[in-house]
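Here is protein-v2.tsv, consisting of TSV, N, CA and C atoms:
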chain	number	residue	atom	x	y	z
A	106	MET	N	5.93	10.86	6.48
A	106	MET	CA	4.74	10.28	7.05
A	106	MET	C	4.39	9.02	6.24
A	107	PRO	N	4.52	7.84	6.84
A	107	PRO	CA	4.22	6.59	6.11
A	107	PRO	C	2.73	6.45	5.79
A	108	VAL	N	2.47	5.88	4.63
A	108	VAL	CA	1.11	5.56	4.21
A	108	VAL	C	1.05	4.06	3.99
A	109	TYR	N	0.06	3.41	4.61
A	109	TYR	CA	-0.10	1.96	4.46
A	109	TYR	C	-1.47	1.67	3.88
A	110	GLU	N	-1.57	0.56	3.16
A	110	GLU	CA	-2.82	0.15	2.56
A	110	GLU	C	-3.40	-1.02	3.36
A	111	PHE	N	-4.70	-0.98	3.56
A	111	PHE	CA	-5.40	-1.99	4.35
A	111	PHE	C	-6.61	-2.50	3.59
A	112	LYS	N	-7.04	-3.72	3.96
A	112	LYS	CA	-8.24	-4.33	3.39
A	112	LYS	C	-9.17	-4.71	4.52
A	113	CYS	N	-10.45	-4.42	4.36
A	113	CYS	CA	-11.46	-4.81	5.34
A	113	CYS	C	-11.88	-6.25	5.03
A	114	ASN	N	-11.79	-7.11	6.03
A	114	ASN	CA	-12.18	-8.51	5.85
A	114	ASN	C	-13.70	-8.71	5.91
A	115	LYS	N	-14.42	-7.68	6.27
A	115	LYS	CA	-15.88	-7.77	6.34
A	115	LYS	C	-16.54	-7.34	5.03
A	116	CYS	N	-16.15	-6.17	4.50
A	116	CYS	CA	-16.80	-5.67	3.28
A	116	CYS	C	-15.86	-5.65	2.06
A	117	ASN	N	-14.60	-6.07	2.23
A	117	ASN	CA	-13.62	-6.24	1.15
A	117	ASN	C	-13.17	-4.96	0.45
A	118	ILE	N	-13.34	-3.80	1.05
A	118	ILE	CA	-12.80	-2.60	0.42
A	118	ILE	C	-11.34	-2.42	0.86
A	119	THR	N	-10.58	-1.69	0.07
A	119	THR	CA	-9.22	-1.33	0.46
A	119	THR	C	-9.18	0.17	0.73
A	120	PHE	N	-8.31	0.55	1.65
A	120	PHE	CA	-8.18	1.97	2.00
A	120	PHE	C	-6.78	2.23	2.50
A	121	GLU	N	-6.40	3.50	2.50
A	121	GLU	CA	-5.08	3.92	2.96
A	121	GLU	C	-5.21	4.59	4.32
A	122	GLU	N	-4.16	4.46	5.11
A	122	GLU	CA	-4.13	5.10	6.42
A	122	GLU	C	-2.76	5.74	6.60
A	123	TYR	N	-2.74	6.98	7.06
A	123	TYR	CA	-1.51	7.71	7.31
A	123	TYR	C	-1.07	7.51	8.76
A	124	PHE	N	0.23	7.37	8.96
A	124	PHE	CA	0.80	7.22	10.29
A	124	PHE	C	1.87	8.29	10.49
A	125	LYS	N	2.03	8.76	11.72
A	125	LYS	CA	3.04	9.77	12.02
A	125	LYS	C	4.45	9.21	11.89
A	126	SER	N	4.61	7.92	12.20
A	126	SER	CA	5.90	7.24	12.06
A	126	SER	C	5.64	5.76	11.79
A	127	ALA	N	6.67	5.05	11.36
A	127	ALA	CA	6.53	3.63	11.05
A	127	ALA	C	6.24	2.81	12.30
A	128	SER	N	6.60	3.32	13.47
A	128	SER	CA	6.38	2.57	14.71
A	128	SER	C	5.06	2.92	15.40
A	129	GLU	N	4.30	3.86	14.85
A	129	GLU	CA	3.02	4.25	15.47
A	129	GLU	C	2.03	3.09	15.45
A	130	GLN	N	1.33	2.90	16.54
A	130	GLN	CA	0.30	1.87	16.67
A	130	GLN	C	-1.04	2.58	16.86
A	131	LYS	N	-2.07	2.18	16.14
A	131	LYS	CA	-3.39	2.74	16.37
A	131	LYS	C	-4.45	1.73	15.94
A	132	THR	N	-5.62	1.82	16.56
A	132	THR	CA	-6.73	0.95	16.21
A	132	THR	C	-7.37	1.49	14.94
A	133	LEU	N	-7.53	0.60	13.96
A	133	LEU	CA	-8.10	1.01	12.68
A	133	LEU	C	-9.52	0.51	12.53
A	134	PHE	N	-10.32	1.31	11.84
A	134	PHE	CA	-11.69	0.96	11.51
A	134	PHE	C	-11.87	1.13	10.01
A	135	CYS	N	-12.64	0.25	9.40
A	135	CYS	CA	-12.97	0.39	7.99
A	135	CYS	C	-13.77	1.67	7.81
A	136	PRO	N	-13.41	2.52	6.85
A	136	PRO	CA	-14.15	3.76	6.64
A	136	PRO	C	-15.55	3.53	6.06
A	137	SER	N	-15.81	2.34	5.54
A	137	SER	CA	-17.11	2.05	4.95
A	137	SER	C	-18.09	1.42	5.94
A	138	CYS	N	-17.66	0.32	6.60
A	138	CYS	CA	-18.57	-0.40	7.49
A	138	CYS	C	-18.21	-0.28	8.97
A	139	ARG	N	-17.11	0.41	9.29
A	139	ARG	CA	-16.63	0.65	10.65
A	139	ARG	C	-16.15	-0.62	11.36
A	140	SER	N	-15.90	-1.69	10.64
A	140	SER	CA	-15.40	-2.93	11.23
A	140	SER	C	-13.94	-2.76	11.65
A	141	GLU	N	-13.55	-3.47	12.69
A	141	GLU	CA	-12.15	-3.51	13.11
A	141	GLU	C	-11.40	-4.68	12.47
A	142	GLN	N	-12.08	-5.45	11.62
A	142	GLN	CA	-11.49	-6.62	10.97
A	142	GLN	C	-10.73	-6.18	9.72
A	143	VAL	N	-9.63	-5.47	9.92
A	143	VAL	CA	-8.82	-4.98	8.81
A	143	VAL	C	-7.43	-5.59	8.89
A	144	GLU	N	-6.81	-5.74	7.73
A	144	GLU	CA	-5.45	-6.26	7.69
A	144	GLU	C	-4.61	-5.43	6.72
A	145	LYS	N	-3.35	-5.31	7.06
A	145	LYS	CA	-2.40	-4.58	6.21
A	145	LYS	C	-2.12	-5.44	4.98
A	146	ILE	N	-2.13	-4.82	3.81
A	146	ILE	CA	-1.86	-5.56	2.59
A	146	ILE	C	-0.61	-5.01	1.91
A	147	PHE	N	-0.02	-5.82	1.07
A	147	PHE	CA	1.15	-5.42	0.31
A	147	PHE	C	0.74	-4.37	-0.71
A	148	SER	N	1.40	-3.27	-0.70
A	148	SER	CA	1.08	-2.18	-1.61
A	148	SER	C	2.09	-2.14	-2.74
A	149	VAL	N	1.62	-2.15	-3.97
A	149	VAL	CA	2.49	-2.08	-5.14
A	149	VAL	C	3.20	-0.74	-5.19
A	150	PHE	N	2.58	0.28	-4.62
A	150	PHE	CA	3.15	1.62	-4.59
A	150	PHE	C	4.56	1.62	-4.02
A	151	GLY	N	4.82	0.84	-3.00
A	151	GLY	CA	6.13	0.82	-2.35
A	151	GLY	C	7.05	-0.26	-2.84
A	152	ALA	N	6.78	-0.88	-3.99
A	152	ALA	CA	7.55	-2.03	-4.43
A	152	ALA	C	8.27	-1.80	-5.76
A	153	SER	N	8.68	-0.58	-6.05
A	153	SER	CA	9.38	-0.34	-7.31
A	153	SER	C	10.86	-0.09	-7.05
A	154	GLY	N	11.66	-0.21	-8.10
A	154	GLY	CA	13.09	0.02	-7.97
A	154	GLY	C	13.87	-1.28	-7.87
A	155	THR	N	15.17	-1.14	-7.71
A	155	THR	CA	16.04	-2.30	-7.68
A	155	THR	C	16.47	-2.69	-6.28
A	156	GLY	N	16.18	-1.86	-5.29
A	156	GLY	CA	16.54	-2.17	-3.92
A	156	GLY	C	17.89	-1.62	-3.51
A	157	ASN	N	18.65	-1.06	-4.45
A	157	ASN	CA	19.97	-0.53	-4.11
A	157	ASN	C	20.03	0.99	-4.14
A	158	GLY	N	18.88	1.63	-4.15
A	158	GLY	CA	18.85	3.09	-4.17
A	158	GLY	C	18.79	3.68	-5.56
A	159	ASN	N	18.97	2.86	-6.58
A	159	ASN	CA	18.91	3.33	-7.96
A	159	ASN	C	17.58	2.93	-8.57
A	160	PRO	N	17.02	3.75	-9.47
A	160	PRO	CA	15.77	3.36	-10.12
A	160	PRO	C	15.95	2.12	-10.98
A	161	ALA	N	14.87	1.41	-11.22
A	161	ALA	CA	14.92	0.23	-12.08
A	161	ALA	C	15.26	0.65	-13.50
A	162	PRO	N	16.01	-0.18	-14.24
A	162	PRO	CA	16.34	0.15	-15.62
A	162	PRO	C	15.09	0.24	-16.48
A	163	ALA	N	15.14	1.12	-17.48
A	163	ALA	CA	13.97	1.38	-18.32
A	163	ALA	C	13.90	0.48	-19.54
A	164	GLY	N	14.73	-0.47	-19.71
A	164	GLY	CA	14.72	-1.34	-20.89
A	164	GLY	C	16.00	-1.19	-21.67
A	165	ASN	N	16.10	-1.92	-22.73
A	165	ASN	CA	17.36	-1.91	-23.47
A	165	ASN	C	17.31	-1.14	-24.78
A	166	LYS	N	16.20	-0.52	-25.12
A	166	LYS	CA	16.12	0.27	-26.34
A	166	LYS	C	16.00	1.75	-25.99
A	167	ALA	N	16.45	2.59	-26.88
A	167	ALA	CA	16.32	4.03	-26.66
A	167	ALA	C	14.84	4.40	-26.55
A	168	GLY	N	14.51	5.26	-25.65
A	168	GLY	CA	13.12	5.65	-25.47
A	168	GLY	C	12.46	4.97	-24.30
A	169	GLY	N	13.16	4.04	-23.65
A	169	GLY	CA	12.62	3.39	-22.46
A	169	GLY	C	11.73	2.22	-22.77
A	170	GLY	N	10.90	1.86	-21.83
A	170	GLY	CA	10.03	0.71	-21.96
A	170	GLY	C	10.43	-0.35	-20.97
A	171	CYS	N	9.60	-1.32	-20.80
A	171	CYS	CA	9.87	-2.33	-19.79
A	171	CYS	C	10.80	-3.44	-20.29
A	172	GLY	N	10.98	-3.54	-21.59
A	172	GLY	CA	11.85	-4.56	-22.13
A	172	GLY	C	11.19	-5.92	-22.23
A	173	CYS	N	9.89	-6.02	-21.91
A	173	CYS	CA	9.24	-7.32	-21.92
A	173	CYS	C	8.55	-7.63	-23.25
A	174	CYS	N	8.49	-6.69	-24.15
A	174	CYS	CA	7.87	-6.96	-25.44
A	174	CYS	C	8.71	-6.34	-26.54
A	175	ALA	N	8.65	-6.93	-27.70
A	175	ALA	CA	9.45	-6.44	-28.83
A	175	ALA	C	8.66	-5.40	-29.60
A	176	MET	N	8.93	-4.15	-29.33
A	176	MET	CA	8.25	-3.07	-30.02
A	176	MET	C	9.19	-2.51	-31.09
A	177	GLY	N	8.74	-2.42	-32.29
A	177	GLY	CA	9.50	-1.71	-33.26
A	177	GLY	C	10.23	-2.49	-34.23

Do you think you could lay out the structure here as structure tokens?
Amino acid sequence: MPVYEFKCNKCNITFEEYFKSASEQKTLFCPSCRSEQVEKIFSVFGASGTGNGNPAPAGNKAGGGCGCCAMG
């Protein structure tokens, strides 16, 4: 069941909406102000990994880490 993140253009809150399938179409309303002025936003939740089915590398030192800072 896909989960998408949306932003209300009227009151600026973000919220999630569940869909039965990726092709499902439904009219959305903001849960706070009931506006229909909502847009789908890029969710960081679905943007991890390397894109080839393998998890992203944990860094180059034992113990993991992002590899962006020199710890130790």

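Here atom C of A:Ile146 stands at a distance of 11.6 Å from atom N of A:Val108.
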
Name the residues in contact with A:Glu122 at a cut-off of 8 Å, using all atoms listed in the file, excluding same-chain residues fewer than 6 positions from it; report them as a PDB file with N, CA and C atoms, in the coordinates of the input.
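Printed below is result-v9.pdb as written:
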ATOM      1  N   MET A 106       5.930  10.860   6.480  1.00  0.00           N
ATOM      2  CA  MET A 106       4.740  10.280   7.050  1.00  0.00           C
ATOM      3  C   MET A 106       4.390   9.020   6.240  1.00  0.00           C
ATOM      4  N   PRO A 107       4.520   7.840   6.840  1.00  0.00           N
ATOM      5  CA  PRO A 107       4.220   6.590   6.110  1.00  0.00           C
ATOM      6  C   PRO A 107       2.730   6.450   5.790  1.00  0.00           C
ATOM      7  N   VAL A 108       2.470   5.880   4.630  1.00  0.00           N
ATOM      8  CA  VAL A 108       1.110   5.560   4.210  1.00  0.00           C
ATOM      9  C   VAL A 108       1.050   4.060   3.990  1.00  0.00           C
ATOM     10  N   TYR A 109       0.060   3.410   4.610  1.00  0.00           N
ATOM     11  CA  TYR A 109      -0.100   1.960   4.460  1.00  0.00           C
ATOM     12  C   TYR A 109      -1.470   1.670   3.880  1.00  0.00           C
ATOM     13  N   GLU A 110      -1.570   0.560   3.160  1.00  0.00           N
ATOM     14  CA  GLU A 110      -2.820   0.150   2.560  1.00  0.00           C
ATOM     15  C   GLU A 110      -3.400  -1.020   3.360  1.00  0.00           C
ATOM     16  N   PHE A 111      -4.700  -0.980   3.560  1.00  0.00           N
ATOM     17  CA  PHE A 111      -5.400  -1.990   4.350  1.00  0.00           C
ATOM     18  C   PHE A 111      -6.610  -2.500   3.590  1.00  0.00           C
TER      19      PHE A 111
END

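Take atom CA of A:Ala127 and atom CA of A:Asn114: the distance between them is 22.9 Å.
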
So the first atom is atom CA of A:Phe124 and the second is atom CA of A:Ser137; what is the distance between them in Å, to one decimal place? 19.4 Å
